[in-house]
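Enquirer: My structure is in model.cif, and what it holds is mmCIF, C-alpha atoms:
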```
data_protein
#
loop_
_atom_site.label_atom_id
_atom_site.label_comp_id
_atom_site.auth_asym_id
_atom_site.auth_seq_id
_atom_site.Cartn_x
_atom_site.Cartn_y
_atom_site.Cartn_z
CA MET Z 9 -16.36 -18.61 -17.94
CA ASN Z 10 -18.03 -21.02 -15.52
CA SER Z 11 -21.32 -19.46 -14.39
CA ALA Z 12 -20.67 -20.62 -10.84
CA PHE Z 13 -17.87 -18.06 -10.60
CA ARG Z 14 -19.63 -15.20 -12.35
CA ARG Z 15 -21.55 -14.31 -9.21
CA ARG Z 16 -18.76 -13.11 -6.93
CA ALA Z 17 -19.16 -9.34 -7.33
CA SER Z 18 -22.89 -9.17 -6.68
CA ILE Z 19 -23.57 -7.00 -3.62
CA PRO Z 20 -27.19 -6.62 -2.48
CA MET Z 21 -28.66 -3.19 -3.09
CA ALA Z 22 -29.69 -2.93 0.56
CA ALA Z 23 -26.07 -3.41 1.59
CA THR Z 24 -24.84 -0.62 -0.67
CA ASP Z 25 -27.52 1.90 0.26
CA PRO Z 26 -25.68 4.62 2.23
CA HIS Z 27 -28.86 5.29 4.21
CA ASN Z 28 -29.47 1.63 4.99
CA LEU Z 29 -27.31 1.28 8.10
CA PHE Z 30 -25.16 4.40 8.29
CA ALA Z 31 -27.45 6.58 10.34
CA ALA Z 32 -26.83 8.33 13.66
CA ASP Z 33 -24.87 5.34 14.94
CA SER Z 34 -22.07 5.82 12.42
CA SER Z 35 -19.03 8.03 12.71
CA ASP Z 36 -17.82 10.22 9.86
CA ARG Z 37 -14.71 8.03 9.61
CA LEU Z 38 -16.76 4.90 9.09
CA ARG Z 39 -18.88 6.66 6.48
CA ARG Z 40 -15.78 7.78 4.59
CA LEU Z 41 -14.39 4.26 4.70
CA ALA Z 42 -17.63 2.91 3.26
CA GLN Z 43 -17.43 5.37 0.37
CA GLN Z 44 -13.77 4.49 -0.24
CA LEU Z 45 -14.34 0.74 -0.26
CA ARG Z 46 -17.35 0.91 -2.57
CA LEU Z 47 -15.00 2.34 -5.20
CA TYR Z 48 -12.40 -0.39 -4.79
CA LYS Z 49 -11.65 -2.51 -7.83
CA PRO Z 50 -9.37 -5.57 -7.60
CA PRO Z 51 -6.14 -5.25 -9.60
CA PRO Z 52 -6.33 -6.67 -13.14
CA SER Z 53 -5.06 -10.20 -13.71
CA PRO Z 54 -2.56 -11.06 -16.43
CA PRO Z 55 -4.24 -12.18 -19.67
CA SER Z 56 -4.44 -15.90 -20.35
CA SER Z 57 -2.47 -17.49 -23.16
CA ASP Z 58 -2.77 -20.53 -25.40
CA ASP Z 59 0.69 -21.63 -24.27
CA ASP Z 60 -0.55 -22.15 -20.72
CA GLU Z 61 -3.37 -24.34 -21.93
CA SER Z 62 -1.08 -26.42 -24.16
CA ASP Z 63 1.28 -26.95 -21.24
CA GLY Z 64 -1.51 -28.49 -19.23
CA VAL Z 65 -1.67 -25.51 -16.91
CA SER Z 66 -5.00 -24.02 -15.97
CA PRO Z 67 -4.83 -20.21 -16.05
CA VAL Z 68 -7.40 -20.31 -13.25
CA ALA Z 69 -10.11 -19.17 -15.65
CA ALA Z 70 -12.48 -21.10 -13.43
CA CYS Z 71 -11.89 -18.45 -10.77
CA GLY Z 72 -14.00 -15.62 -12.12
CA GLY Z 73 -11.84 -15.25 -15.23
CA ASN Z 74 -8.67 -14.61 -13.23
CA ARG Z 75 -5.54 -16.43 -14.23
CA SER Z 76 -3.86 -15.82 -10.89
CA ILE Z 77 -4.88 -15.97 -7.26
CA PRO Z 78 -2.96 -14.67 -4.25
CA GLY Z 79 -1.97 -17.96 -2.56
CA MET Z 80 -1.30 -18.71 1.06
CA ASP Z 81 0.02 -21.81 2.83
CA VAL Z 82 -0.23 -24.24 -0.08
CA PRO Z 83 1.66 -27.39 0.97
CA GLU Z 84 4.30 -29.00 -1.17
CA SER Z 85 2.38 -32.27 -0.84
CA ALA Z 86 -0.10 -30.85 -3.35
CA ALA Z 87 2.58 -31.22 -6.02
CA THR Z 88 2.55 -35.02 -6.12
CA PRO Z 89 3.00 -36.70 -9.53
CA ILE Z 90 -0.08 -36.40 -11.72
CA THR Z 91 -1.83 -39.58 -12.76
CA ARG Z 92 -2.82 -39.34 -16.41
CA SER Z 93 -5.91 -41.50 -16.02
CA LYS Z 94 -9.25 -39.86 -15.24
CA VAL Z 95 -7.84 -36.41 -16.00
CA THR Z 96 -10.28 -33.57 -15.48
CA ARG Z 97 -9.94 -29.81 -15.80
CA PHE Z 98 -9.30 -28.39 -12.34
CA ARG Z 99 -12.19 -26.36 -10.95
CA PRO Z 100 -11.52 -25.06 -7.43
CA LYS Z 101 -14.46 -25.13 -5.03
CA ARG Z 102 -15.79 -21.78 -3.83
CA ALA Z 103 -15.64 -20.35 -0.33
CA ALA Z 104 -15.97 -16.88 1.19
CA VAL Z 105 -15.00 -15.16 4.43
CA LEU Z 106 -16.37 -12.03 6.08
CA ILE Z 107 -13.99 -9.25 7.09
CA CYS Z 108 -16.31 -7.45 9.51
CA LEU Z 109 -14.91 -4.09 10.60
CA TYR Z 110 -16.09 -1.66 13.25
CA GLU Z 111 -14.67 1.45 14.89
CA GLY Z 112 -13.01 0.95 18.26
CA GLY Z 113 -13.00 3.29 21.20
CA SER Z 114 -9.84 5.04 20.04
CA GLY Z 115 -11.10 5.50 16.50
CA GLU Z 116 -9.20 2.50 15.12
CA PHE Z 117 -10.74 -0.05 12.79
CA ARG Z 118 -11.06 -3.48 14.36
CA VAL Z 119 -11.81 -6.84 12.73
CA ILE Z 120 -13.86 -9.69 14.20
CA LEU Z 121 -12.01 -13.03 14.34
CA THR Z 122 -12.64 -16.51 15.67
CA LYS Z 123 -10.62 -19.36 17.09
CA ARG Z 124 -11.85 -22.52 15.45
CA SER Z 125 -13.02 -25.42 17.58
CA SER Z 126 -10.31 -27.88 18.59
CA ASN Z 127 -12.70 -30.67 17.58
CA LEU Z 128 -12.81 -29.75 13.89
CA SER Z 129 -11.12 -32.07 11.41
CA THR Z 130 -9.32 -29.27 9.56
CA HIS Z 131 -7.60 -26.12 10.87
CA SER Z 132 -8.64 -27.07 14.42
CA GLY Z 133 -7.73 -24.46 17.01
CA GLU Z 134 -6.57 -21.96 14.40
CA VAL Z 135 -7.58 -18.30 14.13
CA SER Z 136 -9.82 -17.56 11.17
CA LEU Z 137 -12.32 -15.14 9.73
CA PRO Z 138 -15.99 -16.16 9.84
CA GLY Z 139 -16.75 -18.00 6.62
CA GLY Z 140 -16.79 -21.31 4.80
CA LYS Z 141 -17.64 -23.21 1.65
CA ALA Z 142 -20.41 -22.08 -0.67
CA GLU Z 143 -23.69 -23.97 -0.51
CA GLU Z 144 -26.16 -24.55 -3.28
CA GLY Z 145 -28.58 -21.90 -2.03
CA ASP Z 146 -25.97 -19.12 -1.91
CA VAL Z 147 -26.57 -16.67 -4.75
CA ASP Z 148 -23.04 -15.23 -4.53
CA ASP Z 149 -19.96 -14.86 -2.34
CA VAL Z 150 -21.61 -12.19 -0.20
CA ALA Z 151 -24.42 -14.62 0.65
CA THR Z 152 -21.89 -17.31 1.55
CA ALA Z 153 -19.84 -15.05 3.83
CA THR Z 154 -22.80 -13.51 5.67
CA ARG Z 155 -24.61 -16.86 6.06
CA GLU Z 156 -21.50 -18.49 7.52
CA ALA Z 157 -20.93 -15.54 9.89
CA LYS Z 158 -24.46 -15.89 11.24
CA GLU Z 159 -24.05 -19.64 11.69
CA GLU Z 160 -20.65 -19.39 13.37
CA ILE Z 161 -20.84 -16.28 15.58
CA GLY Z 162 -24.49 -15.14 15.47
CA LEU Z 163 -23.79 -12.04 13.37
CA ASP Z 164 -27.09 -11.04 11.78
CA PRO Z 165 -26.56 -9.95 8.13
CA SER Z 166 -29.08 -7.13 8.65
CA VAL Z 167 -26.65 -5.23 10.90
CA VAL Z 168 -23.69 -5.50 8.50
CA ASN Z 169 -23.18 -3.14 5.56
CA VAL Z 170 -21.31 -5.03 2.84
CA VAL Z 171 -19.21 -2.52 0.91
CA SER Z 172 -16.59 -4.43 -1.08
CA VAL Z 173 -15.34 -7.77 -2.37
CA LEU Z 174 -11.61 -8.39 -2.69
CA GLU Z 175 -9.76 -10.58 -5.19
CA PRO Z 176 -9.84 -14.33 -4.45
CA PHE Z 177 -7.16 -16.22 -2.53
CA LEU Z 178 -6.18 -19.86 -2.77
CA SER Z 179 -6.29 -21.97 0.40
CA LYS Z 180 -3.97 -24.88 1.08
CA HIS Z 181 -6.87 -27.21 0.30
CA LEU Z 182 -7.16 -25.53 -3.12
CA LEU Z 183 -10.34 -23.66 -2.26
CA ARG Z 184 -11.02 -20.37 -4.02
CA VAL Z 185 -11.65 -18.05 -1.06
CA VAL Z 186 -13.22 -14.63 -1.64
CA PRO Z 187 -12.90 -12.01 1.14
CA VAL Z 188 -16.05 -9.92 1.62
CA ILE Z 189 -15.68 -6.64 3.54
CA GLY Z 190 -18.59 -5.56 5.72
CA LEU Z 191 -18.87 -2.65 8.15
CA LEU Z 192 -20.63 -2.81 11.50
CA PRO Z 193 -21.91 0.73 12.23
CA ASN Z 194 -23.35 -0.18 15.63
CA LYS Z 195 -21.15 -2.59 17.59
CA GLN Z 196 -23.86 -2.96 20.22
CA ALA Z 197 -26.16 -4.51 17.62
CA PHE Z 198 -23.85 -7.54 17.55
CA GLN Z 199 -24.26 -9.92 20.45
CA PRO Z 200 -21.73 -12.73 19.84
CA VAL Z 201 -23.07 -16.26 20.06
CA ALA Z 202 -20.41 -18.86 19.30
CA ASN Z 203 -21.46 -22.06 17.58
CA ALA Z 204 -19.75 -24.50 19.95
CA ALA Z 205 -19.37 -27.11 17.22
CA GLU Z 206 -17.25 -24.74 15.12
CA VAL Z 207 -15.92 -21.92 17.32
CA ASP Z 208 -14.02 -21.92 20.61
CA ALA Z 209 -13.65 -18.14 20.92
CA ILE Z 210 -14.71 -14.86 19.32
CA PHE Z 211 -12.42 -11.84 19.61
CA ASP Z 212 -11.34 -8.74 17.71
CA ALA Z 213 -8.04 -7.18 16.74
CA PRO Z 214 -6.89 -3.87 15.29
CA LEU Z 215 -6.77 -4.17 11.49
CA GLU Z 216 -3.72 -1.92 11.22
CA MET Z 217 -1.57 -4.45 13.10
CA PHE Z 218 -1.44 -6.49 9.88
CA LEU Z 219 0.61 -3.72 8.23
CA LYS Z 220 3.15 -3.40 11.03
CA ASP Z 221 6.32 -5.37 11.64
CA GLU Z 222 5.64 -5.57 15.36
CA ASN Z 223 4.73 -9.07 16.58
CA HIS Z 224 5.22 -10.28 13.02
CA ARG Z 225 7.42 -12.99 11.58
CA SER Z 226 7.46 -14.90 8.32
CA GLU Z 227 8.97 -17.88 6.56
CA GLU Z 228 9.56 -18.65 2.91
CA ARG Z 229 8.02 -21.73 1.35
CA GLU Z 230 7.96 -23.33 -2.07
CA TRP Z 231 5.17 -25.00 -4.02
CA MET Z 232 5.67 -26.43 -7.51
CA GLY Z 233 8.79 -24.34 -7.99
CA MET Z 234 7.15 -21.08 -6.86
CA HIS Z 235 8.40 -19.26 -3.77
CA TYR Z 236 6.10 -17.34 -1.45
CA VAL Z 237 6.00 -16.11 2.15
CA VAL Z 238 3.78 -17.29 4.99
CA HIS Z 239 3.10 -14.63 7.62
CA TYR Z 240 2.56 -15.01 11.38
CA PHE Z 241 1.18 -12.42 13.81
CA ASP Z 242 1.14 -12.83 17.59
CA TYR Z 243 -1.74 -11.09 19.33
CA GLU Z 244 -2.68 -10.91 23.00
CA THR Z 245 -5.95 -9.61 24.46
CA GLU Z 246 -7.56 -10.09 27.86
CA ASP Z 247 -4.69 -12.39 28.91
CA LYS Z 248 -5.36 -14.66 25.94
CA LYS Z 249 -2.79 -15.26 23.22
CA PHE Z 250 -3.68 -15.88 19.59
CA LEU Z 251 -1.60 -16.66 16.51
CA VAL Z 252 -2.91 -15.35 13.19
CA TRP Z 253 -1.14 -16.94 10.25
CA GLY Z 254 -1.36 -18.44 6.77
CA LEU Z 255 -4.40 -17.71 4.66
CA THR Z 256 -6.12 -15.57 7.32
CA ALA Z 257 -3.01 -13.44 7.81
CA GLY Z 258 -2.60 -13.02 4.06
CA ILE Z 259 -6.20 -11.90 3.61
CA LEU Z 260 -5.95 -9.43 6.49
CA ILE Z 261 -2.69 -7.97 5.14
CA ARG Z 262 -4.46 -7.34 1.84
CA ALA Z 263 -7.57 -5.91 3.52
CA ALA Z 264 -5.50 -3.59 5.72
CA SER Z 265 -3.55 -2.40 2.67
CA VAL Z 266 -6.81 -1.55 0.91
CA VAL Z 267 -8.39 0.12 3.93
CA TYR Z 268 -5.34 2.18 4.94
CA GLN Z 269 -4.15 2.64 1.34
CA ARG Z 270 -0.53 1.73 2.02
CA PRO Z 271 1.61 -1.41 1.76
CA PRO Z 272 2.79 -3.40 4.79
CA ALA Z 273 6.10 -2.58 6.48
CA PHE Z 274 7.46 -6.00 5.48
CA LEU Z 275 7.85 -8.04 2.31
CA GLU Z 276 4.48 -9.53 1.39
CA GLN Z 277 5.51 -11.67 -1.62
CA ASN Z 278 2.30 -13.22 -2.89
CA PRO Z 279 3.01 -15.53 -5.84
CA ILE Z 280 1.14 -15.99 -9.09
CA PHE Z 281 0.14 -19.62 -8.86
CA LYS Z 282 -0.43 -21.57 -12.06
CA ILE Z 283 -2.59 -24.55 -11.19
CA PRO Z 284 -2.10 -27.63 -13.39
CA GLY Z 285 -5.34 -28.16 -15.27
CA ASN Z 286 -4.98 -31.95 -15.23
CA ILE Z 287 -5.07 -32.45 -11.46
CA THR Z 288 -7.13 -35.49 -10.50
CA GLY Z 289 -9.23 -36.01 -7.41
CA GLU Z 290 -6.43 -38.11 -5.90
CA ASN Z 291 -4.09 -35.10 -5.98
CA LEU Z 292 -6.31 -32.78 -3.95
CA LEU Z 293 -6.22 -32.55 -0.20
CA PRO Z 294 -9.47 -33.38 1.65
#
```
Starting from the coordinates I provided, produce the structure as C-alpha cells.
Expert:
Amino acid sequence: MNSAFRRRASIPMAATDPHNLFAADSSDRLRRLAQQLRLYKPPPSPPSSDDDESDGVSPVAACGGNRSIPGMDVPESAATPITRSKVTRFRPKRAAVLICLYEGGSGEFRVILTKRSSNLSTHSGEVSLPGGKAEEGDVDDVATATREAKEEIGLDPSVVNVVSVLEPFLSKHLLRVVPVIGLLPNKQAFQPVANAAEVDAIFDAPLEMFLKDENHRSEEREWMGMHYVVHYFDYETEDKKFLVWGLTAGILIRAASVVYQRPPAFLEQNPIFKIPGNITGENLLP
C-alpha cells in the first residue's frame, strides 16, 4: 500500500480526549454524539482480485487499500479512449473536507458550509464543505481538513474536536476526498472570517435535511458503464438561496446517515467505481 494513503485514520490525541473540549460548554447530546462517532468504522471494502489487475483495472488500492470509493458527479468525459503510450498506474491525489457540526438552538445538529468564490477556476459559486487538496506538510487527512478550514473560513483547529473519519469519496476530478467529522462544542468560539479569494459566503444548515425527501431531487448518470445518482438539495436561509449538490451532497448524505443512524428517505445509489489503472495524464481533468 502506498504510504501516502496509510495516514488517513490518524486522529490527534488532543482531538480524541473527551476532556479536551467537551467541558461546561457542551450539551449531553453533543457528548453522546462524540462517543458514538469515535466508535464508527467505515464499512469493509470488497477484496481485490488478480482478475482486476489483469484487466487493466486498478482496484483503487492506492486509496488506503480500498478497492471501491463512493463516487459523486464523475463526468462521462473522463472515459475518453486510453492512449497506450506513457501508461502509468493511476494514483488519485488526496484531499480532505471538514464536516464541522454544532448544536443549534432547537437541539438539532447543524453543519458549516461555504459558497465558493465566483472567481475560482473550478466549482466557482458552488456550495462546498471547507477543505481542499493535501499539501506536503500535512501529516494526515485530519491535518489537511483542519488546515483548509482555518484558511478558508477562519476556523481555529483548537476549538474543533475531531471525532471520526469517513470512507473516501471520488470527486469528478478524480480526487480521493476524505470527510473528517469535527464537533464544535462552543459555537461562540468560532468567529467566521471568509477568505475572499476562495469563499463568497459562510452559512450553516441542518444536517438532518440530507436524509429527507423535502427540497430534494436527483438525476441518474452513467460513467464507464456504471450508473449512479447525483443528488440536489435546495436550501434557503436569511433570504438567501443555496443549492447543495454532487460530491458535497453525497458526503453529507453519508455523514447524516452515520450521525442519525438511519438511511435517507430516498434512493442513494452510490456505485462501486473501478478506475482503469492505465489512465494517462491526458485522460484526467485539470
Enquirer: Could you check which of Z:Gln44, Z:Gly190, Z:Tyr110, Z:Ala157 is closest to Val266 of chain Z, using all atoms listed in the file?
Expert: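 Checking each candidate against Val266 of chain Z, we get Z:Gln44 as the closest.
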Enquirer: Go through the shown structure with the PyMOL selection byres ((chain Z and resi 105-109) around 9) and write out the matching residues as an MDAnalysis selection string.
Expert: chainID Z and resid 103:104 110:111 117:121 136:141 149:150 152:154 156:157 168 170 185:193 215 259:260 263
Enquirer: Using the chain letters and residue numbers of this document, give as an NGL selection string the residues selected by the PyMOL selection byres ((chain Z and resi 207) around 12).
Expert: :Z and (121-128 or 131-139 or 156-157 or 159-162 or 200-206 or 208-211)
Enquirer: Give me, please, the distance in Å between atom CA of Arg46 of chain Z and atom CA of Ser172 of chain Z, quoted to one decimal.
Expert: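 Separation of atom CA of Arg46 of chain Z and atom CA of Ser172 of chain Z: 5.6 Å.
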Enquirer: Residue by residue, what does the PyMOL selection byres ((chain Z and resi 241) around 8) grab here? Present the result as a PDB file with C-alpha atoms, in the coordinates of the input.
Expert:
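For reference, result21.pdb as written:
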```
ATOM      1  CA  PHE Z 218      -1.440  -6.490   9.880  1.00  0.00           C
ATOM      2  CA  ASN Z 223       4.730  -9.070  16.580  1.00  0.00           C
ATOM      3  CA  HIS Z 224       5.220 -10.280  13.020  1.00  0.00           C
ATOM      4  CA  ARG Z 225       7.420 -12.990  11.580  1.00  0.00           C
ATOM      5  CA  HIS Z 239       3.100 -14.630   7.620  1.00  0.00           C
ATOM      6  CA  TYR Z 240       2.560 -15.010  11.380  1.00  0.00           C
ATOM      7  CA  ASP Z 242       1.140 -12.830  17.590  1.00  0.00           C
ATOM      8  CA  TYR Z 243      -1.740 -11.090  19.330  1.00  0.00           C
ATOM      9  CA  LEU Z 251      -1.600 -16.660  16.510  1.00  0.00           C
ATOM     10  CA  VAL Z 252      -2.910 -15.350  13.190  1.00  0.00           C
ATOM     11  CA  TRP Z 253      -1.140 -16.940  10.250  1.00  0.00           C
ATOM     12  CA  ALA Z 257      -3.010 -13.440   7.810  1.00  0.00           C
TER      13      ALA Z 257
END
```
Enquirer: So that I can see what lies close to Glu216 of chain Z, please list as an mmCIF file with C-alpha atoms, in the frame of the given file the residues with an atom at most 9 Å from it, counting all atoms listed in the file and leaving out residues fewer than 6 positions away in the same chain.
Expert:
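This went into selection.cif:
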```
data_model
loop_
_atom_site.group_PDB
_atom_site.id
_atom_site.type_symbol
_atom_site.label_atom_id
_atom_site.label_comp_id
_atom_site.auth_asym_id
_atom_site.auth_seq_id
_atom_site.Cartn_x
_atom_site.Cartn_y
_atom_site.Cartn_z
ATOM 1 C CA GLU Z 116 -9.200 2.500 15.120
ATOM 2 C CA PHE Z 117 -10.740 -0.050 12.790
ATOM 3 C CA ARG Z 118 -11.060 -3.480 14.360
ATOM 4 C CA ILE Z 261 -2.690 -7.970 5.140
ATOM 5 C CA ALA Z 264 -5.500 -3.590 5.720
ATOM 6 C CA SER Z 265 -3.550 -2.400 2.670
ATOM 7 C CA VAL Z 267 -8.390 0.120 3.930
ATOM 8 C CA TYR Z 268 -5.340 2.180 4.940
#
```
Enquirer: Quick one: distance from atom CA of Pro271 of chain Z to atom CA of Phe250 of chain Z in Å, one decimal?
Expert: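 Atom-to-atom, atom CA of Pro271 of chain Z and atom CA of Phe250 of chain Z are spaced 23.6 Å apart.
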Enquirer: Would you compute the distance between atom CA of Ser226 of chain Z and atom CA of Arg262 of chain Z? Give it in Å to one decimal.
Expert: 15.5 Å
Enquirer: Would you be able to write out as a compact mmCIF listing (two decimals) with C-alpha atoms, in the coordinates of the input which residues have an atom within 7 Å of (-7.6, -7.8, -3.9) in the file's coordinates, counting only C-alpha atoms?
Expert:
```
# COMPACT_ATOMS: atom_id res chain seq x y z
CA PRO Z 50 -9.37 -5.57 -7.60
CA PRO Z 51 -6.14 -5.25 -9.60
CA LEU Z 174 -11.61 -8.39 -2.69
CA GLU Z 175 -9.76 -10.58 -5.19
CA PRO Z 176 -9.84 -14.33 -4.45
CA ARG Z 262 -4.46 -7.34 1.84
```
Enquirer: Looking at all atoms listed in the file, which of Z:Arg37, Z:Lys195, Z:His235, Z:Lys180 is the one that sits closest to Gly254 of chain Z?
Expert: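 Comparing Z:Arg37, Z:Lys195, Z:His235, Z:Lys180 against Gly254 of chain Z, the winner is Z:Lys180.
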